[in-house]
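First comes the structure, then the notes that go with it.
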Amino acid sequence: MGAGISSTATENSDGGSSLGDIPESCISFLLMNLEPQEICKLARVNRNFHRASSADFVWESKLTHSYKFLMNKVIGVEKLGTMTKKEIYAKLCQPNFFDNGTKEVCLDRCSGKACLFISSRSFKITGIDDRRYWNYIPTEESRFKSVAYLQQMWWVEVLGELEFEFPKGNYSIFFRLQLGKASKRLGRRVCNIDQVHGWDIKPVRFQLSTSDGQNSLSQCYLHTPGEWAHYHVGDFVIDKPNGPISIKFSLAQIDCTHTKGGLCIDGAVIYPKELAERFKQF
């Protein structure tokens, strides 16, 4: 089918008009109303469609209002002027690390909303510098290649802070946690849960607050030893993007009547609520 269209566009034995006669500007205005995947497909029709699909105003209509903030985070504002809008869109839809590799951002190709991944190394963790309690251990099960592991402690408190300019939408924050320490033995995944204790006595408290006054507080017991799980911290809404918003989120179990141990903290994820199931693969 695509070959037939292309042939019609380049040759017309009757001498009539063809797809190749449509002005590029008209094609570009048409493409503005399509999804990015459809634009890329139509770019293969002929040369006119290919050139029209690269127009800056076509891809600027697909970019979020906060794309300059995102690009500054990813590559620096000085390089922004050397890229076409299509190149900027493609770059932002890829996984991009920033803040010394402790965070990763990408745009969802369909909605244009931001999906954020945050390493445990960017958190403020009580006692993290004391090897009697905490260690960072390498693992291929984290996109950041390491996780924070708690051996044993009375007071557990983890705080994440972030200033970011999100596109308009509803977002959810989750901690990615595991009870037990996973490793490979003879090529198979095994999880040592010998040090797991204390999480079934009192629930963990999760808290979220934003600089524009949004707040959330919840609690639950940690469960499913040996498996990574996403624990919901809270939701926030970006109604009118107007610069960066400051976000604080935390988990805490500070009941000192018992010790807690055997917890792996990979990090946190922030993504649009409608994409929750897809991005729980983090």
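Please note that chains go A, B, ... in the order of the structure tokens, that every chain numbers its residues from 1, and that ligands are numbered from 1 in the order shown.
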Applying 10 Å and only C-alpha atoms, which residues near Val105 of chain A remain after dropping the ones on its own chain fewer than 6 positions away? List them as a JSON list (two decimals) with all heavy atoms, in the first residue's frame.
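Heads up, here's the output in out-v2.json:
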[["chain", "number", "residue", "atom", "x", "y", "z"],
["A", 70, "LEU", "N", 13.23, 21.16, 30.69],
["A", 70, "LEU", "CA", 13.68, 19.78, 30.62],
["A", 70, "LEU", "C", 15.00, 19.66, 29.87],
["A", 70, "LEU", "O", 15.92, 18.96, 30.30],
["A", 70, "LEU", "CB", 12.62, 18.90, 29.95],
["A", 70, "LEU", "CG", 11.26, 18.82, 30.64],
["A", 70, "LEU", "CD1", 10.31, 17.96, 29.83],
["A", 70, "LEU", "CD2", 11.41, 18.24, 32.04],
["A", 73, "LYS", "N", 17.90, 20.74, 31.88],
["A", 73, "LYS", "CA", 18.29, 19.70, 32.84],
["A", 73, "LYS", "C", 19.12, 18.61, 32.17],
["A", 73, "LYS", "O", 20.07, 18.09, 32.75],
["A", 73, "LYS", "CB", 17.04, 19.07, 33.45],
["A", 73, "LYS", "CG", 16.32, 19.90, 34.49],
["A", 73, "LYS", "CD", 17.05, 19.87, 35.81],
["A", 73, "LYS", "CE", 16.26, 20.53, 36.92],
["A", 73, "LYS", "NZ", 17.02, 20.57, 38.19],
["A", 74, "VAL", "N", 18.76, 18.27, 30.93],
["A", 74, "VAL", "CA", 19.34, 17.12, 30.27],
["A", 74, "VAL", "C", 20.66, 17.44, 29.58],
["A", 74, "VAL", "O", 21.66, 16.72, 29.75],
["A", 74, "VAL", "CB", 18.34, 16.54, 29.25],
["A", 74, "VAL", "CG1", 18.99, 15.44, 28.41],
["A", 74, "VAL", "CG2", 17.12, 16.00, 29.98],
["A", 92, "LEU", "N", 13.81, 14.13, 24.19],
["A", 92, "LEU", "CA", 13.06, 14.10, 25.43],
["A", 92, "LEU", "C", 12.24, 12.82, 25.59],
["A", 92, "LEU", "O", 11.87, 12.46, 26.71],
["A", 92, "LEU", "CB", 12.13, 15.32, 25.53],
["A", 92, "LEU", "CG", 12.83, 16.66, 25.73],
["A", 92, "LEU", "CD1", 11.82, 17.79, 25.76],
["A", 92, "LEU", "CD2", 13.66, 16.65, 27.02],
["A", 93, "CYS", "N", 11.97, 12.13, 24.50],
["A", 93, "CYS", "CA", 11.22, 10.87, 24.58],
["A", 93, "CYS", "C", 12.14, 9.69, 24.89],
["A", 93, "CYS", "O", 11.66, 8.56, 25.08],
["A", 93, "CYS", "CB", 10.46, 10.61, 23.28],
["A", 93, "CYS", "SG", 9.01, 11.68, 23.07],
["A", 94, "GLN", "N", 13.45, 9.95, 24.97],
["A", 94, "GLN", "CA", 14.40, 8.92, 25.37],
["A", 94, "GLN", "C", 14.68, 9.03, 26.86],
["A", 94, "GLN", "O", 14.46, 10.08, 27.47],
["A", 94, "GLN", "CB", 15.72, 9.09, 24.59],
["A", 94, "GLN", "CG", 15.58, 8.98, 23.09],
["A", 94, "GLN", "CD", 16.87, 9.37, 22.38],
["A", 94, "GLN", "OE1", 17.86, 9.75, 23.02],
["A", 94, "GLN", "NE2", 16.86, 9.29, 21.07],
["A", 95, "PRO", "N", 15.18, 7.96, 27.48],
["A", 95, "PRO", "CA", 15.60, 8.08, 28.88],
["A", 95, "PRO", "C", 16.78, 9.03, 29.00],
["A", 95, "PRO", "O", 17.78, 8.88, 28.29],
["A", 95, "PRO", "CB", 16.01, 6.64, 29.24],
["A", 95, "PRO", "CG", 15.33, 5.78, 28.22],
["A", 95, "PRO", "CD", 15.28, 6.60, 26.97],
["A", 96, "ASN", "N", 16.67, 10.05, 29.86],
["A", 96, "ASN", "CA", 17.71, 11.06, 30.03],
["A", 96, "ASN", "C", 18.07, 11.20, 31.50],
["A", 96, "ASN", "O", 17.23, 11.55, 32.32],
["A", 96, "ASN", "CB", 17.23, 12.41, 29.50],
["A", 96, "ASN", "CG", 16.95, 12.41, 28.01],
["A", 96, "ASN", "OD1", 17.86, 12.39, 27.20],
["A", 96, "ASN", "ND2", 15.68, 12.41, 27.64],
["A", 97, "PHE", "N", 19.33, 10.93, 31.82],
["A", 97, "PHE", "CA", 19.80, 11.08, 33.19],
["A", 97, "PHE", "C", 20.23, 12.52, 33.44],
["A", 97, "PHE", "O", 20.73, 13.20, 32.54],
["A", 97, "PHE", "CB", 20.96, 10.13, 33.47],
["A", 97, "PHE", "CG", 20.57, 8.69, 33.58],
["A", 97, "PHE", "CD1", 20.65, 7.85, 32.48],
["A", 97, "PHE", "CD2", 20.10, 8.17, 34.77],
["A", 97, "PHE", "CE1", 20.28, 6.51, 32.57],
["A", 97, "PHE", "CE2", 19.73, 6.84, 34.88],
["A", 97, "PHE", "CZ", 19.82, 6.01, 33.78],
["A", 98, "PHE", "N", 20.05, 12.99, 34.68],
["A", 98, "PHE", "CA", 20.53, 14.32, 35.07],
["A", 98, "PHE", "C", 20.81, 14.31, 36.57],
["A", 98, "PHE", "O", 20.62, 13.30, 37.24],
["A", 98, "PHE", "CB", 19.52, 15.40, 34.67],
["A", 98, "PHE", "CG", 18.19, 15.34, 35.36],
["A", 98, "PHE", "CD1", 17.90, 16.15, 36.45],
["A", 98, "PHE", "CD2", 17.19, 14.49, 34.90],
["A", 98, "PHE", "CE1", 16.67, 16.11, 37.08],
["A", 98, "PHE", "CE2", 15.95, 14.44, 35.53],
["A", 98, "PHE", "CZ", 15.69, 15.25, 36.63],
["A", 114, "ALA", "N", 5.49, 14.11, 31.57],
["A", 114, "ALA", "CA", 6.79, 13.70, 32.06],
["A", 114, "ALA", "C", 6.70, 12.48, 32.95],
["A", 114, "ALA", "O", 5.78, 12.34, 33.77],
["A", 114, "ALA", "CB", 7.43, 14.85, 32.82],
["A", 115, "CYS", "N", 7.66, 11.58, 32.82],
["A", 115, "CYS", "CA", 7.82, 10.42, 33.68],
["A", 115, "CYS", "C", 9.20, 10.53, 34.31],
["A", 115, "CYS", "O", 10.19, 10.66, 33.60],
["A", 115, "CYS", "CB", 7.69, 9.13, 32.89],
["A", 115, "CYS", "SG", 6.15, 9.01, 31.93],
["A", 116, "LEU", "N", 9.25, 10.47, 35.64],
["A", 116, "LEU", "CA", 10.49, 10.75, 36.36],
["A", 116, "LEU", "C", 10.87, 9.56, 37.23],
["A", 116, "LEU", "O", 10.01, 8.95, 37.87],
["A", 116, "LEU", "CB", 10.27, 11.99, 37.24],
["A", 116, "LEU", "CG", 11.48, 12.83, 37.61],
["A", 116, "LEU", "CD1", 12.15, 13.41, 36.36],
["A", 116, "LEU", "CD2", 11.05, 13.98, 38.52],
["A", 117, "PHE", "N", 12.16, 9.24, 37.24],
["A", 117, "PHE", "CA", 12.70, 8.15, 38.04],
["A", 117, "PHE", "C", 13.80, 8.73, 38.92],
["A", 117, "PHE", "O", 14.67, 9.46, 38.43],
["A", 117, "PHE", "CB", 13.24, 7.05, 37.14],
["A", 117, "PHE", "CG", 12.27, 6.59, 36.10],
["A", 117, "PHE", "CD1", 12.22, 7.19, 34.85],
["A", 117, "PHE", "CD2", 11.38, 5.55, 36.37],
["A", 117, "PHE", "CE1", 11.30, 6.78, 33.88],
["A", 117, "PHE", "CE2", 10.47, 5.14, 35.41],
["A", 117, "PHE", "CZ", 10.42, 5.77, 34.16],
["A", 118, "ILE", "N", 13.78, 8.41, 40.21],
["A", 118, "ILE", "CA", 14.66, 9.03, 41.18],
["A", 118, "ILE", "C", 15.41, 7.96, 41.96],
["A", 118, "ILE", "O", 14.81, 7.05, 42.53],
["A", 118, "ILE", "CB", 13.86, 9.93, 42.15],
["A", 118, "ILE", "CG1", 13.02, 10.94, 41.36],
["A", 118, "ILE", "CG2", 14.80, 10.65, 43.11],
["A", 118, "ILE", "CD1", 11.98, 11.66, 42.20],
["A", 269, "VAL", "N", 9.30, 6.77, 41.76],
["A", 269, "VAL", "CA", 8.84, 7.05, 40.40],
["A", 269, "VAL", "C", 7.71, 8.08, 40.48],
["A", 269, "VAL", "O", 6.90, 8.05, 41.40],
["A", 269, "VAL", "CB", 8.35, 5.79, 39.66],
["A", 269, "VAL", "CG1", 9.50, 4.86, 39.37],
["A", 269, "VAL", "CG2", 7.29, 5.06, 40.48],
["A", 270, "ILE", "N", 7.72, 8.99, 39.52],
["A", 270, "ILE", "CA", 6.63, 9.97, 39.38],
["A", 270, "ILE", "C", 6.16, 9.88, 37.93],
["A", 270, "ILE", "O", 6.95, 10.05, 37.00],
["A", 270, "ILE", "CB", 7.10, 11.40, 39.69],
["A", 270, "ILE", "CG1", 7.71, 11.48, 41.09],
["A", 270, "ILE", "CG2", 5.94, 12.39, 39.55],
["A", 270, "ILE", "CD1", 8.25, 12.85, 41.45],
["A", 271, "TYR", "N", 4.87, 9.62, 37.75],
["A", 271, "TYR", "CA", 4.37, 9.52, 36.39],
["A", 271, "TYR", "C", 2.89, 9.87, 36.34],
["A", 271, "TYR", "O", 2.20, 9.92, 37.37],
["A", 271, "TYR", "CB", 4.58, 8.12, 35.82],
["A", 271, "TYR", "CG", 4.33, 6.98, 36.76],
["A", 271, "TYR", "CD1", 3.07, 6.71, 37.26],
["A", 271, "TYR", "CD2", 5.38, 6.16, 37.18],
["A", 271, "TYR", "CE1", 2.84, 5.67, 38.12],
["A", 271, "TYR", "CE2", 5.16, 5.11, 38.06],
["A", 271, "TYR", "CZ", 3.89, 4.87, 38.52],
["A", 271, "TYR", "OH", 3.67, 3.83, 39.39]]
*asked:* Quick check for you: according to DSSP on this backbone, which residues of segment 151-221 of chain A are classed as strand (DSSP E)? Reply as a PyMOL selection string.
replied: chain A and resi 156-164+169-179+181-185+188-192+204-210+215-220
*A:Cys220, A:Ile137, A:Leu34, A:Leu208: which is nearest Cys110 of chain A, counting only C-alpha atoms?*
A:Leu34
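Taking only C-alpha atoms into account, Ser211 of chain A lies nearest to A:Phe249 out of the set A:Trp155, A:Phe249, A:Trp199, A:Tyr67.
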*Would you mind writing down, as a ChimeraX atom specification, each residue of segment 40-84 of chain A that DSSP on the backbone assigns to alpha helix (DSSP H)?*
/A:40-42,47-52,56-60,67-74
*Got a sec: who's within 10 Å of Lys91 of chain A, counting only C-alpha atoms, leaving out chain neighbours fewer than 4 positions off, as a ChimeraX atom specification?*
/A:71,74-75,83,85-87,95-96,106-107
Export N, CA, C and O atoms of the chosen residues as a tab-separated table (two decimals), in the first residue's frame?
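Once written, again.tsv looks like this:
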chain	number	residue	atom	x	y	z
A	71	MET	N	15.11	20.36	28.74
A	71	MET	CA	16.34	20.30	27.96
A	71	MET	C	17.51	20.90	28.71
A	71	MET	O	18.65	20.43	28.60
A	74	VAL	N	18.76	18.27	30.93
A	74	VAL	CA	19.34	17.12	30.27
A	74	VAL	C	20.66	17.44	29.58
A	74	VAL	O	21.66	16.72	29.75
A	75	ILE	N	20.71	18.52	28.77
A	75	ILE	CA	21.92	18.79	27.98
A	75	ILE	C	22.47	20.21	28.17
A	75	ILE	O	23.56	20.51	27.69
A	83	MET	N	19.46	22.68	17.94
A	83	MET	CA	18.64	21.52	17.62
A	83	MET	C	17.30	21.93	17.01
A	83	MET	O	16.74	22.97	17.37
A	85	LYS	N	13.19	21.30	16.44
A	85	LYS	CA	12.15	20.87	17.38
A	85	LYS	C	11.92	19.36	17.31
A	85	LYS	O	11.60	18.73	18.30
A	86	LYS	N	12.10	18.80	16.13
A	86	LYS	CA	11.95	17.34	15.99
A	86	LYS	C	13.04	16.62	16.78
A	86	LYS	O	12.78	15.62	17.45
A	87	GLU	N	14.27	17.13	16.71
A	87	GLU	CA	15.37	16.53	17.46
A	87	GLU	C	15.15	16.67	18.97
A	87	GLU	O	15.45	15.76	19.73
A	95	PRO	N	15.18	7.96	27.48
A	95	PRO	CA	15.60	8.08	28.88
A	95	PRO	C	16.78	9.03	29.00
A	95	PRO	O	17.78	8.88	28.29
A	96	ASN	N	16.67	10.05	29.86
A	96	ASN	CA	17.71	11.06	30.03
A	96	ASN	C	18.07	11.20	31.50
A	96	ASN	O	17.23	11.55	32.32
A	106	CYS	N	11.84	11.17	31.05
A	106	CYS	CA	11.46	10.97	29.65
A	106	CYS	C	10.02	11.41	29.49
A	106	CYS	O	9.25	11.41	30.45
A	107	LEU	N	9.67	11.80	28.27
A	107	LEU	CA	8.29	12.17	27.97
A	107	LEU	C	7.57	10.98	27.38
A	107	LEU	O	8.13	10.24	26.56
*So which one's closest to Arg205 of chain A, A:Gly261, A:Gly243, A:Gly127, A:Gly234? Using only C-alpha atoms, please.*
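Among the listed residues, the smallest separation from Arg205 of chain A belongs to A:Gly234.
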*asked:* So the first atom is atom CA of Ile238 of chain A and the second is atom CA of Asn170 of chain A; what is the distance between them in Å, to one decimal place?
replied: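 Value for the atom CA of Ile238 of chain A-atom CA of Asn170 of chain A distance: 6.3 Å.
Proximity of A:Ala229, A:Ile254, A:Cys264, A:Ile173 to Thr126 of chain A, computed with only C-alpha atoms, is greatest for A:Ile254.
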_Residues within 12 Å of Ser122 of chain A, please, as JSON, numbers by chain. Count only C-alpha atoms; anything in the same chain fewer than 6 positions from it doesn't count._
{"A": [98, 99, 100, 101, 102, 103, 104, 128, 144, 146, 147, 148, 158, 159, 160, 161, 162, 265, 266, 267, 268]}
Tell me which protein, DNA and RNA residues are within 9 Å of Asp255 of chain A, counting only C-alpha atoms, leaving out same-chain ones fewer than 2 positions away, and put them as a CSV table (one decimal) with N, CA and C atoms, in the first residue's frame.
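Listed below is the output, part.csv:
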chain,number,residue,atom,x,y,z
A,154,TRP,N,16.6,1.3,64.5
A,154,TRP,CA,15.4,1.6,65.3
A,154,TRP,C,14.6,2.6,64.6
A,155,TRP,N,15.3,3.6,64.0
A,155,TRP,CA,14.6,4.8,63.5
A,155,TRP,C,14.8,4.8,62.0
A,156,VAL,N,13.8,4.7,61.1
A,156,VAL,CA,13.9,4.7,59.7
A,156,VAL,C,13.2,5.8,59.1
A,202,LYS,N,4.3,-2.4,63.0
A,202,LYS,CA,3.7,-1.1,62.8
A,202,LYS,C,3.8,-0.7,61.3
A,253,GLN,N,9.3,5.0,59.6
A,253,GLN,CA,8.8,4.1,60.6
A,253,GLN,C,9.7,4.3,61.8
A,257,THR,N,10.2,1.1,69.6
A,257,THR,CA,10.0,0.0,70.5
A,257,THR,C,10.5,-1.3,69.8
A,258,HIS,N,10.9,-1.3,68.6
A,258,HIS,CA,11.4,-2.5,67.9
A,258,HIS,C,12.3,-2.0,66.8
A,259,THR,N,13.2,-2.9,66.4
A,259,THR,CA,14.1,-2.6,65.2
A,259,THR,C,13.5,-3.1,64.0
*Non-local contacts of Phe164 of chain A (9 Å; only C-alpha atoms; under 4 positions in same chain excluded) as a PyMOL selection string*: chain A and resi 69-70+243-247
*Could you tell me how far atom CA of Val58 of chain A lies from atom CA of Glu24 of chain A, in Å and to one decimal?*
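According to the coordinates, atom CA of Val58 of chain A and atom CA of Glu24 of chain A are separated by 11.7 Å.
Counting only C-alpha atoms, segment 61-66 of chain A has the following residues at most 7 Å away, ignoring those fewer than 5 positions along the same chain: Met32, Tyr89, Gly112, Glu165, Phe166 and Pro167 of chain A.
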_What's the separation between atom CA of Ser216 of chain A and atom CA of Cys256 of chain A, in Å to one decimal place?_
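According to the coordinates, atom CA of Ser216 of chain A and atom CA of Cys256 of chain A are separated by 24.1 Å.
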*Counting only C-alpha atoms, which of A:Ala182, A:Phe175, A:Lys260, A:Asn72 gets nearest to Ile201 of chain A?*
A:Lys260
